[in-house]
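Enquirer: Structure: upload.txt, compact mmCIF, C-alpha atoms.
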# COMPACT_ATOMS: atom_id res chain seq x y z
CA MET A 702 88.87 133.32 64.12
CA ARG A 703 87.35 135.87 66.50
CA LYS A 704 83.99 134.04 66.32
CA TRP A 705 85.68 130.82 67.43
CA THR A 706 87.39 132.60 70.30
CA VAL A 707 84.11 134.10 71.52
CA ALA A 708 82.31 130.76 71.13
CA SER A 709 85.04 128.96 73.11
CA ALA A 710 84.90 131.57 75.86
CA LEU A 711 81.11 131.20 76.06
CA LEU A 712 81.43 127.44 76.19
CA LEU A 713 83.98 127.60 78.99
CA SER A 714 81.81 130.05 80.95
CA CYS A 715 78.81 127.73 80.62
CA ALA A 716 80.90 124.79 81.81
CA ALA A 717 82.12 126.81 84.80
CA LEU A 718 78.53 127.81 85.64
CA LEU A 719 77.42 124.21 85.39
CA LEU A 720 80.20 123.15 87.72
CA ALA A 721 79.26 125.90 90.19
CA GLY A 722 75.70 124.64 89.96
CA GLU A 723 76.88 121.16 90.89
CA ASP A 724 78.55 122.57 93.96
CA ILE A 725 75.43 124.44 95.04
CA LYS A 726 73.31 121.35 94.43
CA LEU A 727 75.69 119.36 96.57
CA ARG A 728 75.49 121.85 99.41
CA GLU A 729 71.72 122.00 99.22
CA PHE A 730 71.57 118.24 99.27
CA LEU A 731 73.86 118.06 102.24
CA LYS A 732 72.05 120.88 104.03
CA ASP A 733 75.29 121.43 105.81
CA GLN A 734 75.65 125.15 106.37
CA LYS A 735 77.69 124.98 109.55
CA TYR A 736 80.90 124.17 107.71
CA GLU A 737 80.71 127.05 105.29
CA ASN A 738 82.37 129.73 107.39
CA GLY A 739 86.09 129.53 106.88
CA TRP A 740 86.08 126.11 105.26
CA ILE A 741 86.93 125.43 101.65
CA TYR A 742 84.35 122.96 100.48
CA GLU A 743 85.14 120.01 98.19
CA ASP A 744 88.09 121.73 96.53
CA ILE A 745 91.47 120.38 97.63
CA ASP A 746 93.38 122.30 94.97
CA ALA A 747 92.02 125.59 96.35
CA GLY A 748 93.23 124.40 99.77
CA TYR A 749 96.76 123.73 98.51
CA ALA A 750 96.85 127.14 96.83
CA GLU A 751 95.57 128.97 99.91
CA ALA A 752 98.04 127.18 102.18
CA LYS A 753 100.93 128.16 99.90
CA LYS A 754 99.71 131.74 99.70
CA THR A 755 99.22 132.22 103.45
CA GLY A 756 102.04 129.99 104.72
CA LYS A 757 99.55 128.27 107.01
CA PRO A 758 99.38 124.50 107.41
CA LEU A 759 96.49 122.70 105.78
CA LEU A 760 93.81 120.77 107.63
CA VAL A 761 91.85 118.38 105.44
CA CYS A 762 88.72 116.87 106.96
CA PHE A 763 87.10 113.85 105.36
CA CYS A 764 83.65 113.73 106.76
CA CYS A 765 80.68 111.69 105.65
CA VAL A 766 77.42 113.53 105.73
CA PRO A 767 74.76 111.78 107.77
CA MET B 957 80.11 121.74 115.85
CA ALA B 958 82.42 121.42 118.82
CA ALA B 959 84.46 124.44 117.70
CA GLU B 960 81.46 126.70 118.23
CA GLN B 961 81.45 125.90 121.94
CA ASP B 962 85.18 125.50 122.44
CA ARG B 963 87.17 128.72 122.07
CA ASP B 964 90.57 126.99 122.23
CA LEU B 965 89.58 124.62 119.47
CA LYS B 966 88.21 127.46 117.37
CA GLU B 967 91.44 129.42 117.74
CA LEU B 968 93.52 126.39 116.87
CA LEU B 969 91.43 125.66 113.78
CA GLN B 970 91.85 129.24 112.60
CA LYS B 971 95.59 128.69 112.36
CA PHE B 972 94.96 126.24 109.50
CA VAL B 973 93.64 126.52 106.00
CA ARG B 974 90.66 124.21 106.33
CA VAL B 975 89.26 122.01 103.60
CA ARG B 976 86.32 119.72 103.91
CA LEU B 977 85.82 116.78 101.54
CA VAL B 978 82.57 114.88 101.86
CA GLN B 979 83.05 111.98 99.50
CA MET B 980 85.85 109.98 97.90
CA GLY B 981 85.11 110.28 94.18
CA GLY B 982 88.08 111.97 92.52
CA VAL B 983 90.15 112.02 95.73
CA ASP B 984 93.84 111.23 95.09
CA LEU B 985 94.51 107.98 96.95
CA ASN B 986 98.24 108.36 96.31
CA ILE B 987 98.03 111.04 98.99
CA PHE B 988 94.92 110.49 101.07
CA GLN B 989 95.14 107.03 102.59
CA PHE B 990 93.33 106.43 105.86
CA ASP B 991 91.26 103.80 107.59
CA PRO B 992 88.19 103.60 105.36
CA LEU B 993 85.94 102.55 108.21
CA LEU B 994 86.09 106.02 109.69
CA SER B 995 83.15 108.33 109.22
CA TRP B 996 85.55 111.24 109.58
CA ALA B 997 89.30 111.68 109.55
CA LEU B 998 91.76 114.57 109.54
CA PHE B 999 94.99 115.16 107.64
CA PHE B 1000 97.51 117.80 108.66
CA MET B 1001 99.60 118.89 105.71
CA ASN B 1002 101.70 121.47 103.98
CA GLY B 1003 100.42 123.20 100.84
CA ASP B 1004 103.12 121.28 98.92
CA LYS B 1005 101.22 118.04 99.81
CA THR B 1006 103.69 116.88 102.47
CA ILE B 1007 101.71 115.11 105.18
CA TYR B 1008 102.46 116.05 108.80
CA GLY B 1009 100.10 113.55 110.37
CA ARG B 1010 96.64 112.10 110.76
CA PHE B 1011 93.88 112.09 113.32
CA GLY B 1012 91.09 109.53 113.59
CA THR B 1013 91.27 105.85 114.38
CA ALA B 1014 88.65 103.18 114.01
CA HIS B 1015 88.73 100.65 116.80
CA GLN B 1016 87.63 97.07 117.02
CA LEU B 1017 85.64 97.87 120.11
CA ALA B 1018 83.44 99.90 117.78
CA LYS B 1019 81.83 96.83 116.32
CA ARG B 1020 78.31 97.98 115.90
CA SER B 1021 78.41 100.99 113.65
CA GLN B 1022 80.46 103.81 112.22
CA LYS B 1023 79.09 106.13 114.87
CA ASP B 1024 80.75 103.96 117.49
CA SER B 1025 84.09 104.39 115.77
CA ASN B 1026 83.84 108.10 116.57
CA LYS B 1027 84.11 107.24 120.25
CA ASN B 1028 87.81 107.00 119.59
CA HIS B 1029 87.87 110.68 118.66
CA THR B 1030 88.09 113.08 121.56
CA ILE B 1031 88.27 116.86 121.43
CA THR B 1032 91.22 116.73 123.82
CA GLY B 1033 93.07 114.35 121.53
CA MET B 1034 92.22 116.47 118.52
CA LYS B 1035 93.60 119.62 120.17
CA VAL B 1036 96.82 117.78 121.00
CA ALA B 1037 97.09 116.72 117.36
CA LEU B 1038 96.37 120.25 116.10
CA LYS B 1039 99.07 121.71 118.37
CA GLY B 1040 101.47 118.99 117.29
CA ALA B 1041 100.76 119.72 113.64
CA LEU B 1042 101.51 123.42 114.16
CA ALA B 1043 104.84 122.48 115.78
CA VAL B 1044 105.74 120.13 112.90
CA HIS B 1045 104.78 122.86 110.43
CA GLU B 1046 107.19 125.27 112.13
CA GLN B 1047 109.97 122.66 112.02
CA TYR B 1048 109.22 121.93 108.38
CA VAL B 1049 109.36 125.60 107.41
CA ALA B 1050 112.61 126.06 109.39
CA ASP B 1051 114.40 122.97 108.05
CA GLN B 1052 112.60 121.51 105.07
CA ALA B 1053 115.44 119.18 104.03
CA THR B 1054 115.57 117.32 107.35
CA MET B 1055 111.83 117.25 107.91
CA SER B 1056 111.08 116.07 104.36
CA LYS B 1057 113.04 112.90 105.11
CA ARG B 1058 111.24 112.31 108.42
CA LEU B 1059 107.85 112.91 106.85
CA ALA B 1060 108.40 111.07 103.57
CA ASN B 1061 106.69 107.86 104.73
CA LYS B 1062 103.64 109.71 105.99
CA THR B 1063 102.62 109.34 102.36
CA GLY B 1064 101.92 105.70 101.62
CA PRO B 1065 102.97 103.43 98.79
CA LYS B 1066 100.95 103.89 95.65
CA PRO B 1067 97.74 101.85 95.66
CA LEU B 1068 96.69 99.76 92.67
CA TRP B 1069 94.32 102.54 91.65
CA ARG B 1070 94.86 106.22 92.24
CA TYR B 1071 91.16 107.07 92.25
CA VAL B 1072 88.41 104.89 93.67
CA ASP B 1073 86.14 105.76 90.77
CA LYS B 1074 88.72 104.28 88.37
CA THR B 1075 88.81 100.82 89.93
CA PRO B 1076 87.48 97.94 87.85
CA GLN B 1077 84.77 97.46 90.43
CA ALA B 1078 83.62 101.06 90.09
CA LYS B 1079 83.57 100.75 86.33
CA LYS B 1080 81.50 97.60 86.60
CA TYR B 1081 78.79 98.87 88.84
CA LYS B 1082 78.79 102.45 87.62
CA ARG B 1083 77.53 103.67 90.92
CA MET B 1084 80.67 105.54 91.79
CA GLY B 1085 81.15 108.96 90.36
CA ARG B 1086 81.41 112.54 91.42
CA MET B 1087 78.59 113.46 93.73
CA ARG B 1088 75.96 115.03 91.61
CA GLY B 1089 73.46 115.91 94.28
CA ASP B 1090 71.83 112.52 94.50
CA LYS B 1091 72.69 110.24 97.36
CA GLY B 1092 73.24 107.20 95.16
CA SER B 1093 76.28 108.73 93.47
CA CYS B 1094 78.19 109.51 96.66
CA VAL B 1095 81.38 107.49 97.09
CA HIS B 1096 81.74 106.83 100.79
CA CYS B 1097 85.09 106.47 102.53
CA HIS B 1098 84.37 102.87 103.46
CA GLU B 1099 83.70 102.02 99.83
CA VAL B 1100 87.39 102.53 99.10
CA GLN B 1101 88.17 99.30 100.94
CA ARG B 1102 85.31 97.45 99.33
CA ALA B 1103 86.23 98.68 95.85
CA ALA B 1104 89.85 97.69 96.39
CA ILE B 1105 88.94 94.18 97.58
CA ASP B 1106 86.47 93.66 94.74
CA SER B 1107 89.01 94.92 92.26
CA TYR B 1108 91.59 92.41 93.49
CA PHE B 1109 89.07 89.66 92.75
CA MET B 1110 88.32 91.07 89.35
CA LYS B 1111 92.04 91.20 88.56
CA LYS B 1112 92.35 87.63 89.90
CA LYS B 1113 95.03 88.75 92.36
CA GLU B 1114 95.36 87.14 95.76
CA LEU B 1115 94.37 89.41 98.61
CA PRO B 1116 97.46 90.30 100.64
CA ASP B 1117 97.17 90.38 104.44
CA ARG B 1118 97.33 94.16 104.42
CA MET B 1119 94.04 94.31 102.48
CA LEU B 1120 92.28 92.30 105.19
CA TRP B 1121 94.07 92.98 108.48
CA MET B 1122 94.27 96.64 107.53
CA TYR B 1123 95.14 99.58 109.81
CA PRO B 1124 96.27 97.32 112.67
CA HIS B 1125 95.53 98.63 116.13
CA PRO B 1126 98.40 99.35 118.53
CA GLU B 1127 97.15 96.37 120.58
CA VAL B 1128 98.39 94.10 117.78
CA VAL B 1129 101.96 94.91 118.83
CA GLY B 1130 101.00 94.91 122.50
CA VAL B 1131 100.45 98.56 123.42
CA THR B 1132 97.35 100.44 124.46
CA LEU B 1133 97.54 104.17 123.78
CA ASP B 1134 95.71 107.04 125.45
CA ARG B 1135 93.34 108.55 122.89
CA ASP B 1136 93.61 111.94 124.65
CA ARG B 1137 97.36 112.15 124.06
CA SER B 1138 99.42 111.90 120.92
CA ALA B 1139 100.84 108.47 121.78
CA ARG B 1140 101.10 107.79 125.51
CA VAL B 1141 101.33 104.13 126.42
CA THR B 1142 98.79 103.19 129.09
CA ALA B 1143 99.42 99.44 129.07
CA VAL B 1144 101.83 96.90 127.58
CA ALA B 1145 100.69 93.32 127.02
CA PRO B 1146 103.05 90.71 128.47
CA ASP B 1147 105.11 88.70 125.97
CA SER B 1148 104.14 91.10 123.15
CA ALA B 1149 106.42 92.73 120.57
CA ALA B 1150 106.25 95.97 122.59
CA ALA B 1151 107.14 94.19 125.83
CA HIS B 1152 110.11 92.50 124.15
CA ALA B 1153 111.24 95.88 122.84
CA GLY B 1154 111.20 97.31 126.37
CA VAL B 1155 108.25 99.70 125.99
CA LYS B 1156 106.65 100.54 129.35
CA ALA B 1157 103.35 101.96 130.53
CA GLY B 1158 103.71 105.73 130.95
CA ASP B 1159 106.10 106.09 127.98
CA ASP B 1160 105.29 108.74 125.40
CA VAL B 1161 106.14 107.52 121.91
CA VAL B 1162 107.79 110.49 120.25
CA SER B 1163 109.00 108.79 117.09
CA PHE B 1164 108.06 105.53 115.39
CA ALA B 1165 109.95 104.26 112.35
CA GLY B 1166 111.51 107.73 112.22
CA GLN B 1167 108.14 109.50 111.95
CA PRO B 1168 106.92 112.10 114.43
CA LEU B 1169 103.54 111.17 115.96
CA LEU B 1170 100.63 113.60 116.35
CA SER B 1171 97.99 111.10 117.38
CA VAL B 1172 97.17 107.41 117.77
CA ALA B 1173 96.33 107.43 114.05
CA ASP B 1174 99.99 108.13 113.27
CA PHE B 1175 101.06 105.06 115.28
CA VAL B 1176 98.49 103.00 113.38
CA TRP B 1177 99.76 104.47 110.10
CA VAL B 1178 103.31 103.22 110.74
CA LEU B 1179 101.90 99.74 111.30
CA GLU B 1180 99.76 100.02 108.20
CA ILE B 1181 102.76 100.63 105.93
CA THR B 1182 104.90 97.94 107.58
CA PRO B 1183 105.19 94.92 105.24
CA ASP B 1184 103.19 91.76 105.93
CA GLU B 1185 106.56 90.03 106.37
CA GLY B 1186 107.31 92.16 109.43
CA GLY B 1187 110.67 93.71 110.26
CA LYS B 1188 112.41 95.90 112.82
CA LEU B 1189 110.99 99.33 113.59
CA PRO B 1190 112.95 101.91 115.58
CA ILE B 1191 110.81 103.46 118.29
CA THR B 1192 111.82 106.36 120.52
CA VAL B 1193 109.97 106.94 123.77
CA SER B 1194 110.17 109.77 126.25
CA ARG B 1195 110.59 108.33 129.74
CA GLY B 1196 111.23 110.46 132.81
CA GLY B 1197 112.17 113.42 130.66
CA LYS B 1198 114.73 111.50 128.59
CA ASN B 1199 114.44 109.97 125.14
CA VAL B 1200 115.06 106.23 125.01
CA ASP B 1201 115.70 104.48 121.68
CA LEU B 1202 114.18 101.02 121.33
CA GLU B 1203 113.48 98.55 118.54
CA LEU B 1204 110.17 96.85 117.89
CA GLU B 1205 110.47 93.58 116.02
CA LEU B 1206 107.48 92.26 114.10
CA ALA B 1207 107.46 88.60 113.06
CA PRO B 1208 106.24 87.41 109.64
CA LEU B 1209 102.41 87.31 109.48
CA TRP B 1210 102.33 89.72 112.43
CA ARG B 1211 99.10 91.31 111.19
CA ARG B 1212 97.21 88.10 111.89
CA GLU B 1213 97.48 88.83 115.62
CA GLY B 1214 94.64 91.26 114.93
CA ASP B 1215 91.05 90.79 113.89
CA PHE B 1216 89.25 92.17 110.87
CA GLY B 1217 85.99 90.26 111.29
CA TRP B 1218 84.49 93.32 112.99
CA ARG B 1219 85.02 95.47 109.89
CA TYR B 1220 81.55 95.60 108.50
CA ARG B 1221 82.77 96.54 105.03
CA VAL B 1222 83.71 92.91 104.60
CA ALA B 1223 80.22 91.98 105.79
CA GLY B 1224 79.00 91.59 102.21
CA TYR B 1225 81.65 88.93 101.64
CA ALA B 1226 81.08 87.32 105.01
CA ALA B 1227 77.37 87.07 104.20
CA TRP B 1228 78.11 85.64 100.79
CA LEU B 1229 80.49 83.05 102.21
CA TRP B 1230 78.85 82.20 105.50
CA GLY B 1231 75.22 82.93 104.86
CA GLY B 1232 74.55 86.13 106.71
CA VAL B 1233 75.57 85.05 110.15
CA SER B 1234 77.40 87.12 112.68
CA LEU B 1235 80.47 85.34 114.02
CA ALA B 1236 82.47 85.78 117.21
CA ASP B 1237 85.69 84.14 118.35
CA HIS B 1238 85.03 81.40 120.90
CA LYS B 1239 87.29 79.19 123.01
CA ASP B 1240 86.26 76.13 120.97
CA GLY B 1241 86.14 77.77 117.53
CA VAL B 1242 83.89 80.40 116.05
CA LEU B 1243 80.46 81.09 117.50
CA VAL B 1244 77.43 81.85 115.36
CA ALA B 1245 76.41 84.75 117.55
CA ASN B 1246 73.50 85.90 115.51
CA ARG B 1247 71.72 85.52 112.23
CA SER B 1248 71.56 88.87 110.49
CA PRO B 1249 68.22 89.99 109.15
CA GLY B 1250 67.31 91.48 105.80
CA TRP B 1251 69.37 91.32 102.69
CA PHE B 1252 72.15 89.25 104.31
CA LYS B 1253 69.84 86.26 104.30
CA LYS B 1254 69.30 86.53 100.57
CA THR B 1255 73.04 86.65 99.88
CA ASN B 1256 73.57 82.98 100.73
CA ARG B 1257 70.32 81.15 101.50
CA ASP B 1258 72.10 77.80 101.88
CA GLY B 1259 74.39 79.05 104.60
CA TRP B 1260 71.54 80.90 106.24
CA ARG B 1261 69.47 77.74 106.35
CA GLU B 1262 72.25 75.43 107.54
CA LEU B 1263 73.88 77.47 110.31
CA LYS B 1264 71.97 78.06 113.54
CA ARG B 1265 72.42 80.59 116.27
CA GLY B 1266 74.61 79.11 119.02
CA ASP B 1267 76.53 76.80 116.66
CA VAL B 1268 80.26 76.68 117.30
CA ILE B 1269 82.18 76.13 114.06
CA PHE B 1270 85.37 74.25 114.86
CA GLU B 1271 86.44 72.98 111.46
CA VAL B 1272 86.29 74.50 107.97
CA ASP B 1273 87.40 72.32 105.05
CA GLY B 1274 89.53 70.28 107.47
CA LYS B 1275 91.17 73.32 109.07
CA THR B 1276 90.85 73.68 112.81
CA GLY B 1277 91.90 76.02 115.60
CA TRP B 1278 91.60 79.24 113.62
CA THR B 1279 90.02 82.60 114.46
CA ARG B 1280 87.05 84.06 112.61
CA SER B 1281 89.44 86.36 110.72
CA LEU B 1282 91.64 83.46 109.58
CA TYR B 1283 88.63 81.44 108.44
CA LEU B 1284 87.15 84.44 106.64
CA ALA B 1285 90.49 85.23 104.99
CA TYR B 1286 90.76 81.60 103.86
CA LEU B 1287 87.26 81.62 102.40
CA MET B 1288 87.72 85.01 100.73
CA ARG B 1289 90.95 83.84 99.12
CA GLU B 1290 90.08 80.29 98.21
CA LYS B 1291 86.37 80.08 97.52
CA LYS B 1292 85.07 80.84 94.10
CA PRO B 1293 81.42 81.26 93.21
CA GLY B 1294 79.72 77.87 93.41
CA SER B 1295 82.40 76.31 95.71
CA VAL B 1296 81.37 73.96 98.49
CA VAL B 1297 82.19 74.79 102.13
CA LYS B 1298 82.38 71.87 104.55
CA LEU B 1299 82.07 72.62 108.24
CA LYS B 1300 81.96 70.76 111.49
CA VAL B 1301 79.98 72.49 114.18
CA LYS B 1302 79.01 71.81 117.75
CA ARG B 1303 75.27 72.16 118.07
CA LYS B 1304 73.58 71.53 121.39
CA GLY B 1305 76.58 69.50 122.55
CA ARG B 1306 76.76 67.28 119.47
CA THR B 1307 79.07 67.40 116.47
CA THR B 1308 77.20 68.11 113.24
CA ARG B 1309 78.48 68.23 109.69
CA VAL B 1310 77.28 71.21 107.69
CA THR B 1311 77.82 71.59 103.96
CA PHE B 1312 76.66 74.42 101.80
CA ARG B 1313 77.51 76.04 98.52
CA VAL B 1314 78.80 79.56 97.97
CA PRO B 1315 76.32 81.32 95.64
CA ALA B 1316 77.18 81.46 91.96
CA LYS B 1317 77.29 85.24 91.91
CA ARG B 1318 79.61 87.44 93.94
CA PRO B 1319 77.93 90.04 96.15
CA GLU B 1320 77.38 93.32 94.38
CA VAL B 1321 76.44 95.41 97.32
CA LEU B 1322 77.85 98.87 97.61
CA GLY B 1323 77.16 101.61 100.07
CA HIS B 1324 75.19 101.03 103.22
Rewrite the structure of this file - the entire thing - as structure tokens.
Expert:
Amino acid sequence: MRKWTVASALLLSCAALLLAGEDIKLREFLKDQKYENGWIYEDIDAGYAEAKKTGKPLLVCFCCVP
Amino acid sequence: MAAEQDRDLKELLQKFVRVRLVQMGGVDLNIFQFDPLLSWALFFMNGDKTIYGRFGTAHQLAKRSQKDSNKNHTITGMKVALKGALAVHEQYVADQATMSKRLANKTGPKPLWRYVDKTPQAKKYKRMGRMRGDKGSCVHCHEVQRAAIDSYFMKKKELPDRMLWMYPHPEVVGVTLDRDRSARVTAVAPDSAAAHAGVKAGDDVVSFAGQPLLSVADFVWVLEITPDEGGKLPITVSRGGKNVDLELELAPLWRREGDFGWRYRVAGYAAWLWGGVSLADHKDGVLVANRSPGWFKKTNRDGWRELKRGDVIFEVDGKTGWTRSLYLAYLMREKKPGSVVKLKVKRKGRTTRVTFRVPAKRPEVLGH
């Protein structure tokens, strides 16, 4: 049972790392560093959560990358 | 970015939790509905997903490219919208019950598909998916419209007016709005719906269909969710320091007062149906203003060969006196692959009959 738990945890960690890698790849591709400071990038759920936590309104920018 | 040079803007932005989304794959279209022609657009919201307003409006004067559509965005107008959003947020926090009702229709009716990458069209072409770092997999904002139109065809549903004459400009109801203000009327067209309602130049529209307005985009949004059949919309304007309640009445087929022929996302269909020619409304019909180069030509070689620059199309399948949008809507709705299109055109002062066939395969062009 413990083996399965450890294996599942490892699998989930790998998936999370892969997803993080996707995000980094995306940013590298976009070469769009100027938005990084203070902007949540490509994660609307994190935006909802942060807005609820801080009580601030949310600004969502849809912006094509040239 | 403008905020780096503009301290006011920077300070305003810092009062928001800011999220940037760069492509439409996986974006919830039940919530995020905006003019897909825009190359950028803003939503002001609460963390509970209540929408306060929008900023960003494509305009038919921006015919040439997406970059031109940005000319409708000004920093001044954006600051006004940001300040307005902060005020609405305060009101919402203070009296959520009342504001929830006023803001309910800021969220649109559910589209046929909640995610663009789940549309039949997206499944078919398999080019839409989460951005994986390669340009080909990016789902652009404007592809939402294209995917929706294609999906209607694939489902054999007739395209409603709202899918073609989408995001109608304020000019459709007879008002011109100042892009630097939230919704100040700079001109009212005579004999228009706005003129009949009693709207005057200099009025500030403070509420439209019960919704508070943060920018021109919010005015456009109210029109966008108004049924094709029209109806009566309450409109409150501030005039000389007092609020005046008026009523704007839109007749059935009111959207057709506008023009969607400039929306280049329908260009693939226009090329398929007309043969890659660029059309402009003309006093005698529809002018073949130009013959587009490149891939457009290949989309319908027959049409490309038959229509000449300077032709004025004045009859399509026996129908006369229409605009380019009406003709295009007719062709998009009625013509199936392989159908014949019969035109009468004026060419060098003489009437000429032109017949060509719509290609057997629908256009499969996505992206740019």
Enquirer: With a distance cut-off of 8 Å and all atoms listed in the file, select the neighbouring residues of stretch 742-751 of chain A, excluding the residue or stretch itself and same-chain residues fewer than 4 positions from it, and output the selection as a list of chain:residue names.
Expert: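 My reading of the contact set: A:Glu737, A:Thr755, A:Leu759, B:Val973, B:Arg974, B:Val975, B:Arg976, B:Leu977, B:Val978, B:Asn1002, B:Gly1003, B:Asp1004, B:Lys1005.
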Enquirer: Would you list which chain B residues are within 10 Å of chain A using all atoms listed in the file, as a ChimeraX atom specification?
Expert: /B:957,960,969-980,983-984,988,990,994-1011,1038,1041-1042,1044-1046,1049,1086-1091,1094-1098
Enquirer: Distance atom CA of B:Gly1064-atom CA of B:Trp1177, one decimal place?
Expert: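 Taking atom CA of B:Gly1064 as the start and atom CA of B:Trp1177 as the end point, the length is 8.8 Å.
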Enquirer: Just the number, please: distance in Å from atom CA of B:Gly1033 to atom CA of B:Leu985, one decimal.
Expert: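 Computed distance, atom CA of B:Gly1033 to atom CA of B:Leu985, equals 25.4 Å.
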Enquirer: Report, in Å with one decimal, the straight-line distance from atom CA of B:Thr1311 to atom CA of B:Asp1106.
Expert: 25.4 Å
